[in-house]
Each structure stands twice: as structure tokens, then as C-alpha cells.
>>> print(open('query.txt').read())   # compact mmCIF, C-alpha atoms
# COMPACT_ATOMS: atom_id res chain seq x y z
CA MET N 1 -45.68 141.05 -14.42
CA VAL N 2 -45.13 137.30 -14.01
CA SER N 3 -41.63 137.61 -15.47
CA ARG N 4 -40.75 140.39 -13.02
CA PHE N 5 -42.20 138.58 -10.00
CA PHE N 6 -40.26 135.37 -10.67
CA LYS N 7 -37.18 137.24 -11.99
CA LEU N 8 -37.06 135.17 -15.15
CA GLU N 9 -34.63 137.43 -17.01
CA SER N 10 -32.04 137.51 -14.23
CA ARG N 11 -32.21 133.70 -13.98
CA GLY N 12 -31.70 133.32 -17.74
CA THR N 13 -35.04 131.68 -18.50
CA THR N 14 -38.35 132.38 -20.29
CA PRO N 15 -42.04 131.73 -19.54
CA PHE N 16 -42.21 128.94 -22.16
CA ARG N 17 -39.06 127.28 -20.82
CA GLU N 18 -40.55 127.37 -17.32
CA PHE N 19 -43.74 125.78 -18.68
CA GLN N 20 -41.74 122.98 -20.31
CA ALA N 21 -39.78 122.45 -17.10
CA GLY N 22 -42.98 122.31 -15.05
CA LEU N 23 -44.49 119.73 -17.39
CA THR N 24 -41.28 117.67 -17.22
CA THR N 25 -41.21 117.71 -13.41
CA PHE N 26 -44.89 116.78 -13.23
CA ALA N 27 -44.40 113.88 -15.64
CA ALA N 28 -41.47 112.63 -13.55
CA MET N 29 -43.38 112.70 -10.25
CA ALA N 30 -46.98 112.06 -11.35
CA TYR N 31 -46.60 108.43 -10.28
CA ILE N 32 -47.20 109.61 -6.69
CA LEU N 33 -50.87 110.19 -7.57
CA ALA N 34 -51.25 106.43 -7.99
CA VAL N 35 -48.57 105.09 -5.66
CA ASN N 36 -49.32 107.16 -2.53
CA PRO N 37 -53.02 106.15 -2.38
CA SER N 38 -52.02 102.54 -3.13
CA ILE N 39 -49.67 102.45 -0.12
CA LEU N 40 -51.81 104.41 2.37
CA ALA N 41 -54.97 102.47 1.47
CA ASN N 42 -53.41 99.48 3.28
CA THR N 43 -54.25 101.31 6.53
CA GLY N 44 -57.97 101.34 5.70
CA MET N 45 -58.07 104.89 4.37
CA ASP N 46 -60.41 105.66 1.47
CA LYS N 47 -58.41 105.33 -1.75
CA GLY N 48 -60.51 107.80 -3.74
CA ALA N 49 -60.15 110.45 -1.06
CA LEU N 50 -56.41 109.78 -0.98
CA VAL N 51 -56.09 110.55 -4.69
CA THR N 52 -57.74 113.91 -4.06
CA VAL N 53 -55.68 114.89 -1.03
CA THR N 54 -52.45 113.72 -2.67
CA ALA N 55 -53.03 116.09 -5.57
CA ILE N 56 -54.29 118.99 -3.41
CA THR N 57 -51.49 118.85 -0.84
CA ALA N 58 -48.91 118.56 -3.62
CA ALA N 59 -50.38 121.59 -5.40
CA VAL N 60 -50.68 123.80 -2.31
CA ALA N 61 -47.28 122.88 -0.86
CA THR N 62 -45.55 123.35 -4.22
CA THR N 63 -47.17 126.78 -4.56
CA LEU N 64 -45.93 127.74 -1.09
CA MET N 65 -42.40 126.71 -2.01
CA ALA N 66 -42.59 128.73 -5.22
CA LEU N 67 -43.88 131.89 -3.53
CA PHE N 68 -41.61 131.67 -0.47
CA THR N 69 -38.35 130.89 -2.29
CA ASN N 70 -38.74 131.31 -6.07
CA TYR N 71 -37.09 127.89 -6.47
CA PRO N 72 -38.13 125.30 -9.12
CA ILE N 73 -38.83 122.70 -6.43
CA ALA N 74 -42.04 120.65 -6.33
CA MET N 75 -43.51 118.97 -3.26
CA ALA N 76 -45.80 115.97 -2.66
CA PRO N 77 -46.35 113.18 -0.11
CA GLY N 78 -42.97 111.54 0.35
CA MET N 79 -42.02 108.05 -0.71
CA GLY N 80 -40.53 106.20 2.25
CA ILE N 81 -42.42 108.29 4.76
CA ASN N 82 -45.72 106.95 3.43
CA ALA N 83 -44.30 103.43 3.84
CA PHE N 84 -43.29 104.23 7.43
CA PHE N 85 -46.76 105.69 8.07
CA THR N 86 -48.44 102.54 6.73
CA PHE N 87 -46.25 99.58 7.55
CA THR N 88 -44.64 100.70 10.80
CA ILE N 89 -47.03 103.07 12.57
CA CYS N 90 -50.33 101.52 11.47
CA LEU N 91 -49.68 97.87 10.60
CA ALA N 92 -46.70 96.96 12.80
CA LYS N 93 -47.73 99.05 15.83
CA GLY N 94 -51.45 98.48 15.28
CA LEU N 95 -52.36 102.16 15.54
CA PRO N 96 -55.31 103.57 13.57
CA TRP N 97 -54.48 105.85 10.66
CA SER N 98 -56.19 108.79 12.36
CA GLU N 99 -53.62 108.53 15.18
CA ALA N 100 -50.83 108.38 12.61
CA LEU N 101 -52.13 111.61 11.09
CA GLY N 102 -52.08 113.13 14.57
CA MET N 103 -48.41 112.16 14.86
CA VAL N 104 -47.68 113.78 11.50
CA PHE N 105 -49.35 116.96 12.78
CA VAL N 106 -47.29 116.99 15.98
CA ASN N 107 -44.21 116.34 13.88
CA GLY N 108 -45.14 119.36 11.76
CA ILE N 109 -45.48 121.62 14.79
CA ILE N 110 -42.08 120.47 16.09
CA PHE N 111 -40.67 120.83 12.61
CA LEU N 112 -41.93 124.41 12.37
CA SER N 113 -40.48 125.29 15.77
CA LEU N 114 -37.11 123.79 14.93
CA SER N 115 -37.02 125.53 11.56
CA VAL N 116 -37.83 128.95 13.00
CA SER N 117 -35.34 128.58 15.87
CA GLY N 118 -32.49 127.19 13.74
CA ILE N 119 -32.20 124.03 15.84
CA ARG N 120 -33.14 121.92 12.83
CA GLU N 121 -29.82 122.59 11.13
CA LYS N 122 -27.96 121.71 14.35
CA ILE N 123 -29.72 118.34 14.64
CA ILE N 124 -28.89 117.52 11.04
CA ALA N 125 -25.26 118.57 11.60
CA SER N 126 -25.01 116.14 14.54
CA ILE N 127 -25.58 113.13 12.27
CA PRO N 128 -22.55 111.88 10.27
CA LEU N 129 -22.84 112.47 6.52
CA GLY N 130 -22.36 108.80 5.72
CA LEU N 131 -25.31 107.91 7.94
CA LYS N 132 -27.53 110.53 6.31
CA ILE N 133 -26.81 109.03 2.90
CA ALA N 134 -27.32 105.52 4.29
CA VAL N 135 -30.83 106.42 5.48
CA THR N 136 -31.74 107.44 1.93
CA CYS N 137 -30.28 104.18 0.57
CA GLY N 138 -31.99 102.07 3.22
CA VAL N 139 -35.35 103.67 2.53
CA GLY N 140 -34.77 103.01 -1.18
CA LEU N 141 -34.11 99.34 -0.50
CA PHE N 142 -37.20 99.23 1.72
CA ILE N 143 -39.39 100.76 -0.99
CA ALA N 144 -38.04 98.37 -3.63
CA PHE N 145 -38.70 95.41 -1.30
CA ILE N 146 -42.32 96.55 -0.84
CA GLY N 147 -42.68 96.94 -4.61
CA LEU N 148 -41.43 93.41 -5.28
CA LYS N 149 -43.79 92.10 -2.60
CA ASN N 150 -46.81 94.01 -3.94
CA GLY N 151 -46.06 92.79 -7.45
CA GLY N 152 -45.88 89.15 -6.38
CA VAL N 153 -42.23 88.85 -7.43
CA ILE N 154 -41.28 87.74 -3.92
CA ALA N 155 -43.41 85.92 -1.37
CA ALA N 156 -43.21 84.79 2.24
CA SER N 157 -41.61 81.42 3.02
CA PRO N 158 -41.54 79.58 6.38
CA ASN N 159 -38.14 78.06 5.52
CA THR N 160 -36.20 80.89 3.88
CA PHE N 161 -38.28 83.87 5.10
CA VAL N 162 -38.70 85.10 1.50
CA THR N 163 -38.73 83.30 -1.85
CA VAL N 164 -39.69 83.95 -5.47
CA GLY N 165 -43.36 84.29 -6.31
CA ASP N 166 -45.32 82.60 -9.08
CA PHE N 167 -43.91 84.14 -12.25
CA THR N 168 -46.61 82.46 -14.34
CA ALA N 169 -49.37 84.44 -12.62
CA GLY N 170 -50.68 87.32 -14.74
CA PRO N 171 -50.10 90.15 -12.22
CA THR N 172 -46.57 88.94 -11.40
CA ALA N 173 -45.61 88.60 -15.07
CA LEU N 174 -46.88 92.12 -15.71
CA CYS N 175 -44.92 93.46 -12.75
CA LEU N 176 -41.69 91.93 -14.08
CA ALA N 177 -42.41 93.35 -17.53
CA GLY N 178 -43.10 96.73 -15.97
CA ILE N 179 -39.76 96.75 -14.15
CA VAL N 180 -37.88 95.98 -17.36
CA LEU N 181 -39.89 98.47 -19.44
CA THR N 182 -39.56 101.31 -16.93
CA ALA N 183 -35.84 100.64 -16.45
CA LEU N 184 -35.32 100.84 -20.22
CA LEU N 185 -37.27 104.10 -20.46
CA VAL N 186 -35.29 105.59 -17.57
CA ALA N 187 -31.98 104.46 -19.08
CA ARG N 188 -32.97 106.10 -22.35
CA LYS N 189 -33.80 109.28 -20.40
CA VAL N 190 -37.40 109.33 -21.66
CA PRO N 191 -39.33 112.12 -19.86
CA GLY N 192 -41.99 110.73 -17.53
CA ALA N 193 -40.56 107.20 -17.77
CA ILE N 194 -42.16 105.99 -14.53
CA VAL N 195 -45.60 107.30 -15.49
CA LEU N 196 -45.34 105.75 -18.96
CA GLY N 197 -44.42 102.42 -17.38
CA ILE N 198 -47.44 102.54 -15.08
CA LEU N 199 -49.79 103.43 -17.94
CA ALA N 200 -48.40 100.71 -20.23
CA ILE N 201 -48.87 97.93 -17.67
CA THR N 202 -52.31 99.25 -16.77
CA VAL N 203 -53.41 99.08 -20.42
CA VAL N 204 -51.95 95.58 -20.94
CA GLY N 205 -53.73 94.56 -17.73
CA LEU N 206 -57.07 95.16 -19.45
CA PHE N 207 -56.35 92.07 -21.57
CA THR N 208 -54.52 89.93 -18.98
CA SER N 209 -56.28 87.42 -16.73
CA SER N 210 -55.86 87.97 -13.02
CA GLY N 211 -56.27 84.24 -12.38
CA SER N 212 -59.38 84.80 -10.29
CA GLY N 213 -62.00 85.13 -12.99
CA GLY N 214 -61.36 88.70 -14.08
CA MET N 215 -58.77 90.93 -15.67
CA VAL N 216 -55.79 92.49 -13.91
CA THR N 217 -57.07 95.97 -14.76
CA SER N 218 -60.76 96.62 -14.35
CA MET N 219 -62.36 99.91 -15.32
CA THR N 220 -65.86 100.76 -16.48
CA GLY N 221 -67.15 104.10 -17.64
CA SER N 222 -65.27 107.27 -18.45
CA PRO N 223 -61.73 107.93 -17.21
CA PHE N 224 -62.84 111.49 -16.41
CA SER N 225 -64.95 112.56 -13.46
CA LEU N 226 -65.26 115.17 -10.78
CA PRO N 227 -62.69 114.74 -8.00
CA HIS N 228 -63.51 112.31 -5.21
CA SER N 229 -64.51 113.89 -1.93
CA ALA N 230 -61.70 114.30 0.58
CA ALA N 231 -64.21 114.07 3.45
CA PRO N 232 -63.31 110.48 4.51
CA VAL N 233 -59.79 111.61 5.50
CA PHE N 234 -59.96 115.42 5.73
CA LEU N 235 -59.49 116.69 9.33
CA LYS N 236 -59.76 113.12 10.66
CA LEU N 237 -56.58 113.25 12.70
CA THR N 238 -56.85 112.20 16.35
CA PHE N 239 -54.53 112.59 19.33
CA GLY N 240 -55.25 109.61 21.55
CA PHE N 241 -51.51 109.11 22.03
CA LEU N 242 -51.43 112.33 24.07
CA LYS N 243 -54.07 111.19 26.55
CA SER N 244 -51.94 108.70 28.50
CA TRP N 245 -48.28 108.22 29.32
CA ALA N 246 -48.37 104.61 28.08
CA ALA N 247 -49.66 105.68 24.66
CA PHE N 248 -47.23 108.58 24.46
CA LYS N 249 -44.26 106.24 25.11
CA VAL N 250 -45.26 104.27 22.01
CA ALA N 251 -45.76 107.42 19.92
CA LEU N 252 -42.61 109.32 20.94
CA PRO N 253 -40.02 107.28 18.95
CA LEU N 254 -42.39 107.18 15.97
CA ILE N 255 -42.79 110.96 15.95
CA PHE N 256 -39.04 111.34 16.36
CA THR N 257 -38.40 109.08 13.37
CA LEU N 258 -40.90 111.04 11.25
CA LEU N 259 -38.99 114.17 12.19
CA LEU N 260 -35.60 112.64 11.43
CA VAL N 261 -36.53 111.15 8.04
CA ASP N 262 -38.38 114.32 7.05
CA MET N 263 -35.33 116.46 7.84
CA PHE N 264 -32.88 114.30 5.90
CA ASP N 265 -35.18 113.92 2.91
CA ASN N 266 -35.91 117.62 2.51
CA ILE N 267 -32.45 119.00 3.18
CA GLY N 268 -30.89 116.53 0.76
CA THR N 269 -33.42 117.39 -1.95
CA LEU N 270 -33.11 121.14 -1.47
CA ILE N 271 -29.33 121.10 -1.71
CA GLY N 272 -29.20 118.55 -4.54
CA VAL N 273 -31.73 120.28 -6.80
CA SER N 274 -30.45 123.79 -5.98
CA LYS N 275 -26.90 122.77 -6.83
CA ARG N 276 -27.98 121.46 -10.23
CA ALA N 277 -29.94 124.67 -10.84
CA GLY N 278 -26.91 126.83 -9.97
CA LEU N 279 -28.68 128.45 -7.02
CA LEU N 280 -26.01 127.83 -4.34
CA ASP N 281 -23.72 130.72 -3.42
CA GLU N 282 -19.93 130.72 -3.69
CA ASN N 283 -19.65 129.04 -0.28
CA GLY N 284 -22.01 126.22 -1.21
CA ARG N 285 -24.84 127.61 0.91
CA LEU N 286 -28.45 127.88 -0.20
CA PRO N 287 -29.84 131.42 -0.13
CA ARG N 288 -33.31 131.70 1.42
CA ALA N 289 -32.86 128.26 3.01
CA GLY N 290 -34.87 129.48 6.00
CA ARG N 291 -37.84 130.25 3.77
CA ALA N 292 -37.57 126.83 2.14
CA LEU N 293 -37.58 125.11 5.53
CA LEU N 294 -40.54 127.23 6.61
CA ALA N 295 -42.53 126.22 3.52
CA ASP N 296 -41.61 122.61 4.16
CA SER N 297 -42.77 122.82 7.79
CA ILE N 298 -46.11 124.35 6.87
CA ALA N 299 -46.55 121.63 4.22
CA THR N 300 -46.10 118.94 6.89
CA ILE N 301 -48.89 120.44 9.00
CA LEU N 302 -51.06 120.80 5.90
CA SER N 303 -50.61 117.14 4.98
CA ALA N 304 -51.84 115.97 8.39
CA LEU N 305 -54.90 118.22 8.25
CA CYS N 306 -55.82 117.11 4.73
CA GLY N 307 -55.32 113.42 5.48
CA THR N 308 -52.07 112.10 4.05
CA SER N 309 -48.53 111.31 5.15
CA THR N 310 -45.85 113.99 5.21
CA VAL N 311 -45.38 116.21 2.17
CA VAL N 312 -41.71 116.67 1.21
CA SER N 313 -39.56 118.25 -1.49
CA TYR N 314 -39.19 115.97 -4.53
CA ILE N 315 -35.85 115.01 -6.03
CA GLU N 316 -37.72 114.60 -9.36
CA SER N 317 -37.63 118.40 -9.46
CA ALA N 318 -34.12 117.91 -10.86
CA SER N 319 -35.69 116.70 -14.13
CA GLY N 320 -37.38 120.08 -14.54
CA VAL N 321 -34.11 121.84 -13.77
CA GLU N 322 -32.43 119.80 -16.52
CA ALA N 323 -35.24 120.97 -18.84
CA GLY N 324 -34.35 124.61 -18.11
CA GLY N 325 -36.45 125.45 -15.04
CA ARG N 326 -34.81 128.05 -12.83
CA THR N 327 -37.59 129.79 -10.89
CA GLY N 328 -40.74 129.26 -8.87
CA LEU N 329 -42.79 129.55 -12.07
CA THR N 330 -41.73 125.99 -12.87
CA ALA N 331 -43.21 124.89 -9.53
CA ILE N 332 -46.41 126.85 -10.18
CA TRP N 333 -46.95 124.90 -13.40
CA VAL N 334 -46.43 121.64 -11.51
CA ALA N 335 -49.15 122.70 -9.06
CA ILE N 336 -51.54 123.48 -11.93
CA PHE N 337 -50.97 120.07 -13.52
CA MET N 338 -51.56 118.37 -10.15
CA LEU N 339 -54.97 120.04 -9.85
CA PHE N 340 -55.87 119.10 -13.42
CA ALA N 341 -55.06 115.46 -12.59
CA LEU N 342 -57.91 115.50 -10.03
CA PHE N 343 -60.34 115.02 -12.91
CA LEU N 344 -58.64 111.75 -13.88
CA SER N 345 -59.47 109.97 -10.61
CA PRO N 346 -61.27 106.95 -12.22
CA LEU N 347 -58.20 106.26 -14.33
CA ILE N 348 -55.86 106.59 -11.35
CA LEU N 349 -58.01 104.30 -9.16
CA ALA N 350 -58.11 101.64 -11.89
CA ILE N 351 -54.33 101.23 -11.84
CA PRO N 352 -53.57 97.76 -10.38
CA PRO N 353 -50.86 97.09 -7.77
CA CYS N 354 -48.71 95.25 -10.33
CA ALA N 355 -48.51 98.50 -12.32
CA THR N 356 -47.42 100.69 -9.39
CA ALA N 357 -45.03 98.05 -8.00
CA PRO N 358 -42.42 98.67 -10.75
CA ALA N 359 -42.53 102.38 -9.86
CA LEU N 360 -41.61 101.51 -6.28
CA VAL N 361 -38.70 99.37 -7.48
CA ILE N 362 -37.37 102.07 -9.81
CA VAL N 363 -37.71 104.81 -7.17
CA GLY N 364 -35.88 102.49 -4.78
CA ILE N 365 -33.06 102.14 -7.31
CA PHE N 366 -32.86 105.92 -7.66
CA MET N 367 -32.49 106.27 -3.90
CA MET N 368 -29.92 103.47 -3.70
CA GLN N 369 -27.70 105.27 -6.22
CA SER N 370 -26.58 107.56 -3.40
CA VAL N 371 -24.57 104.67 -1.91
CA VAL N 372 -21.58 105.66 -4.06
CA GLU N 373 -21.28 108.82 -1.96
CA ILE N 374 -20.45 106.76 1.16
CA ASP N 375 -16.73 106.22 1.76
CA MET N 376 -16.75 102.42 2.01
CA THR N 377 -12.96 102.32 2.32
CA ASP N 378 -13.27 103.84 5.81
CA PHE N 379 -14.66 101.12 8.09
CA GLU N 380 -15.68 103.69 10.71
CA THR N 381 -17.99 105.20 8.10
CA ALA N 382 -18.96 102.00 6.32
CA ALA N 383 -20.03 99.91 9.34
CA PRO N 384 -22.89 102.10 10.65
CA ALA N 385 -23.91 103.01 7.10
CA VAL N 386 -24.19 99.40 5.91
CA LEU N 387 -25.96 98.33 9.11
CA THR N 388 -28.51 101.10 8.54
CA ILE N 389 -29.05 100.10 4.91
CA PHE N 390 -29.54 96.43 5.89
CA ALA N 391 -31.62 97.07 9.00
CA ILE N 392 -34.29 99.29 7.46
CA PRO N 393 -35.73 96.64 5.09
CA LEU N 394 -34.86 93.60 7.21
CA THR N 395 -36.58 94.96 10.32
CA PHE N 396 -39.32 96.43 8.09
CA SER N 397 -38.82 99.66 10.02
CA ILE N 398 -37.09 102.89 9.07
CA ALA N 399 -37.01 103.76 12.78
CA GLN N 400 -35.10 100.62 13.79
CA GLY N 401 -32.64 101.07 10.95
CA ILE N 402 -31.81 104.66 11.83
CA GLY N 403 -31.46 103.79 15.50
CA ILE N 404 -29.11 100.86 14.89
CA GLY N 405 -26.91 102.97 12.64
CA LEU N 406 -26.76 105.90 15.06
CA ILE N 407 -25.86 103.73 18.05
CA CYS N 408 -23.18 101.93 16.06
CA SER N 409 -21.69 105.22 14.88
CA VAL N 410 -21.53 106.70 18.39
CA LEU N 411 -20.07 103.54 19.97
CA LEU N 412 -17.40 103.28 17.27
CA ARG N 413 -16.27 106.85 17.77
CA VAL N 414 -16.18 106.50 21.54
CA GLY N 415 -14.25 103.23 21.26
CA LEU N 416 -11.74 104.82 18.89
CA GLY N 417 -11.10 107.70 21.28
CA LYS N 418 -13.06 110.20 19.19
CA ALA N 419 -15.81 110.89 21.72
CA ARG N 420 -15.35 114.64 21.33
CA GLN N 421 -16.22 114.39 17.64
CA VAL N 422 -19.77 113.41 18.54
CA PRO N 423 -21.89 116.49 19.31
CA PHE N 424 -24.21 116.52 22.30
CA LEU N 425 -27.30 116.13 20.12
CA GLY N 426 -25.71 113.05 18.52
CA TYR N 427 -25.43 111.39 21.94
CA ALA N 428 -28.99 112.47 22.83
CA VAL N 429 -30.48 110.97 19.67
CA ALA N 430 -28.55 107.69 20.01
CA PHE N 431 -29.46 107.44 23.70
CA MET N 432 -33.15 107.82 22.92
CA PHE N 433 -32.97 104.93 20.45
CA PHE N 434 -31.00 102.85 22.99
CA LEU N 435 -33.75 103.31 25.59
CA SER N 436 -36.33 102.33 22.98
CA PHE N 437 -34.53 99.15 21.85
CA PHE N 438 -34.00 97.83 25.37
CA LYS N 439 -37.41 99.03 26.62
CA ILE N 440 -35.87 101.12 29.39
CA TRP N 441 -37.90 103.90 30.93
CA PRO N 442 -39.55 105.94 29.47
CA PHE N 443 -40.02 103.36 26.68
CA SER N 444 -40.64 100.36 28.92
CA SER N 445 -44.01 98.62 28.81
CA PRO N 446 -46.52 99.78 31.45
>>> encode(input="query.txt", output="C-alpha cells")
Amino acid sequence: MVSRFFKLESRGTTPFREFQAGLTTFAAMAYILAVNPSILANTGMDKGALVTVTAITAAVATTLMALFTNYPIAMAPGMGINAFFTFTICLAKGLPWSEALGMVFVNGIIFLSLSVSGIREKIIASIPLGLKIAVTCGVGLFIAFIGLKNGGVIAASPNTFVTVGDFTAGPTALCLAGIVLTALLVARKVPGAIVLGILAITVVGLFTSSGSGGMVTSMTGSPFSLPHSAAPVFLKLTFGFLKSWAAFKVALPLIFTLLLVDMFDNIGTLIGVSKRAGLLDENGRLPRAGRALLADSIATILSALCGTSTVVSYIESASGVEAGGRTGLTAIWVAIFMLFALFLSPLILAIPPCATAPALVIVGIFMMQSVVEIDMTDFETAAPAVLTIFAIPLTFSIAQGIGIGLICSVLLRVGLGKARQVPFLGYAVAFMFFLSFFKIWPFSSP
């Protein structure tokens, strides 16, 4: 029955191969169970509850993708988007995390509408390919920067803005060791390399002084327990930004950026993983793409309701494809493993920042690898792409980076007499960012 439902025979796979692929994908992306709570907890959210909702939203969204599309694609709260949620919306803008969840929900509703109407594909088509790739690279650089900061490898400096941290400090030394260890495991193509790196540094941290009277890793009692309650974050979203025009002007560009990053992240993952799985048709199109986008949209709404940043398709799904996964049964196994991980919450919460920091650096490197797909020999393509890559980490804002790149791209094309090559939606998006940067109505201060 399971074989018939997932069409295993026609896809050239078996139940055991799908199980192996599911385990491989889970091992490759399990780091999110530690990293996502670590990032979002900076907003004041309950870390234990975040572990629970990270696992639950990943399991439910992955199941939806499997049932809607029969693709071996797993989903979980997205790296990059969780950084935008934390460091831009909450910390930089000073908005409470409940308001940020409300923005994710509104983004999900818009996302669903755009997916059903087909406008989503048109918006994506209006953005130059080089800029789409640059956003991925810029977010990767941003994530790596945050990882180095969290691990103490770099520190603030009044003279040079940033400088090296204290490499003799226990947590910093462990972070550096973790980066080297994880990089070696990845280079050797060891399954679950990132998770193994996190676990190794966490264990060594039990015997390493933190420099403040304790050990880097501190854990008492059993590593097993019942899942933490999701109550502190579940259904806690608020919509204060809809109650006044002044608040909405602040929220609008943030919601738009959530939408933009979400679209690029998911479309790129869907196409990339599907291509490696041999699921694209002879014209390079993805069958049942509409269903995939629908599942993705519902997952975004689900993430806001449960209490986490946007859930997206995971590029780590490619590891399961390489292991032989070809159907939604692979994704179902990933969902099962995510739920099982709920009973390891004490172990996940004990993982110190210096153990998750290397994971951020390595994920950032993965995302930066896409830079080779940008035609750097064409200055018209290279200029906006490089500005985007630089601006995202240097402004500490994915929104600012995307906006700078879009405006540069449009102005270059207009200046080169190629105004007709820019679609209407391209002008509209760039114009919105222009109004935001120069605080022109409707983005001007009240």
C-alpha cells in the first residue's frame, strides 16, 4: 500500500532505500533543532519551547510536502530568515517577537494568495538571476558572520569596527576547533557532518573551563525527557503593526523582505533538489510545482501560529537524494525522526553557543558556494550582485542588502538603454526600497 501510494517502483526505489535517504536528510539538517532556538532565543523567546516548535513545524510541514507532491524534500525553519527575524525585526527595529510572528503570519497569507494566483512566479521572474543568487550568497555571509561573532572568534572594536576575539578563551578555542572539525567531516562527505561537529564540541565542552567558574557545557540529569511545552510561544502572535499607519509603515518593508527571501529560498531549493533527483521534465520545469508552493505557503502560516520564524524547503534534502531518496516517503521518515528528537530536549538545550557557531559558519560557506553561478565577467551583472553580497552582512540587514542590489540593477539597465528589459514588477519592487531608504512617504517618519 505504501509502495503504491508513493509510487516507489516507478521511481526506481525501495522502502529501505527511502528509509536510508530519510535518515541521511535528517542527519544533515538536524542541526536546526539546536541552531534555530539558539538564534531566536536572542529575542526573549523561551528556548525550550522553541526546540519543541522547531521539531513540530518541521515534521508537519515536511509531511505536507510529501503528501502534496510526493517529492523527497524536507522542510524546517529557515536559516537566514531566522536571523532576519531576530537581528533585524526584533533587535534592530526594537519590535517584540510576538509582532514579528504576526508579520510572518501576514507574509504567509500573502504568500498563499500569490501562490494560488500565479503572481509569485511573476515576481520571481522580475528579479535578475544574478541578484537571486547574490541574495543566497549574502545571507550565507551574514550567517557565517553571526556564527563567528557568537563563537567569540570576532569581536567589536571602536577603531576597526571588528577585530579578532580572545583565542585563548575556552569557548572561542572550541569554536575554532569546531569549524576545522566540521569542515574536515564535510570535505570527507561524512553523513551528518554538521551534527557530528556540534555533538563533538558539546562533549569536549563538558571538560573545558568557560573562564567564569564553570564548564562550557553544563548538563545535569538525563538527556531524555518529555518534550518542553510549546505554550510560551504557541499562538502568541500579535498584530499591533496593523493598528496604526505609523506602525504599518515600519512593518511593510519588513513583511516584503520576508516574502522576497522566502520566495527565493524555496524556489531555489525546489528546483535544485528536484534536478538532482531527476524530477524535472524535458523542458526543465518542475511538475506539481503549484502543489509544492501551496505546501510551502501553508507551512509559513503554520510556523507563525506555532511560534517560530518561517519554515522553508531545505537544501540538505539533496543529501537524501544522493542516498537514493526519490519520493515523499523519504520526507515522511524525516518527519518521524524530527518528532523522535523531541524527547532529546535536555541534550539539545545543553548545547553551548560555541558548538552551534561552527554550524552557522559551515552553512554560510554552503550558501556562498553559489557565487560561482554569477557571471562576474559581466559588470552589469556583477555590480548589483556584489553590492548585495557586501551589503547584507555589513548593514546587518537582509532587507537593506536586497534593496541596494535591486536599485543598482534597475539604474544600471536604465542607464545602459535597457529600460525595457526591466519588467514592471521589477520597477515596483526597486521603487518601494527607494522610498524606504530615503524615508519618503509612505515610509517617512510620522
>>> residues_around(input="query.txt", residues="N:Ala76", least_positions_apart="3", cutoff="7 Å", atoms="all atoms listed in the file", output="MDAnalysis selection string")
chainID N and resid 57:58 311:314
>>> closest_atom_pairs(input="query.txt", of="stretch 302-417 of chain N", to="stretch 29-49 of chain N", cutoff="9 Å", atoms="only C-alpha atoms", output="CSV")
residue,atom,partner,partner_atom,distance
N:Gly307,CA,N:Ala49,CA,8.7
N:Thr308,CA,N:Leu40,CA,7.9
N:Ser309,CA,N:Leu40,CA,8.1
N:Tyr314,CA,N:Met29,CA,7.8
N:Ile315,CA,N:Met29,CA,8.9
N:Glu316,CA,N:Met29,CA,6.0
N:Ser317,CA,N:Met29,CA,8.1
N:Met338,CA,N:Ala30,CA,7.9
N:Ala341,CA,N:Leu33,CA,8.4
N:Ser345,CA,N:Gly48,CA,7.3
N:Pro346,CA,N:Gly48,CA,8.6
N:Ile348,CA,N:Ala34,CA,5.7
N:Leu349,CA,N:Gly48,CA,6.9
N:Ile351,CA,N:Ala34,CA,7.2
N:Pro352,CA,N:Ser38,CA,8.8
N:Pro353,CA,N:Ser38,CA,7.3
N:Thr356,CA,N:Val35,CA,5.9
N:Ala357,CA,N:Val35,CA,8.2
N:Ala359,CA,N:Tyr31,CA,7.3
N:Leu360,CA,N:Val35,CA,7.9
>>> atom_distance(input="query.txt", atom1="atom CA of N:Ala100", atom2="atom CA of N:Gly80")
14.8 Å
>>> closest_residue(input="query.txt", among="N:Ser126, N:Thr202, N:Thr54, N:Ser409", to="N:Val386", atoms="only C-alpha atoms")
N:Ser409
>>> closest_residue(input="query.txt", among="N:Ala299, N:Ala331, N:Leu339, N:Val261", to="N:Cys137", atoms="all atoms listed in the file")
N:Val261
>>> closest_residue(input="query.txt", among="N:Met368, N:Val186, N:Val321, N:Ala173", to="N:Ile389", atoms="all atoms listed in the file")
N:Met368
>>> closest_residue(input="query.txt", among="N:Ile404, N:Ala295, N:Thr381, N:Leu347", to="N:Ile198", atoms="all atoms listed in the file")
N:Leu347
>>> atom_distance(input="query.txt", atom1="atom CA of N:Pro77", atom2="atom CA of N:Phe105")
13.8 Å
>>> atom_distance(input="query.txt", atom1="atom CA of N:Leu226", atom2="atom CA of N:Leu206")
23.3 Å
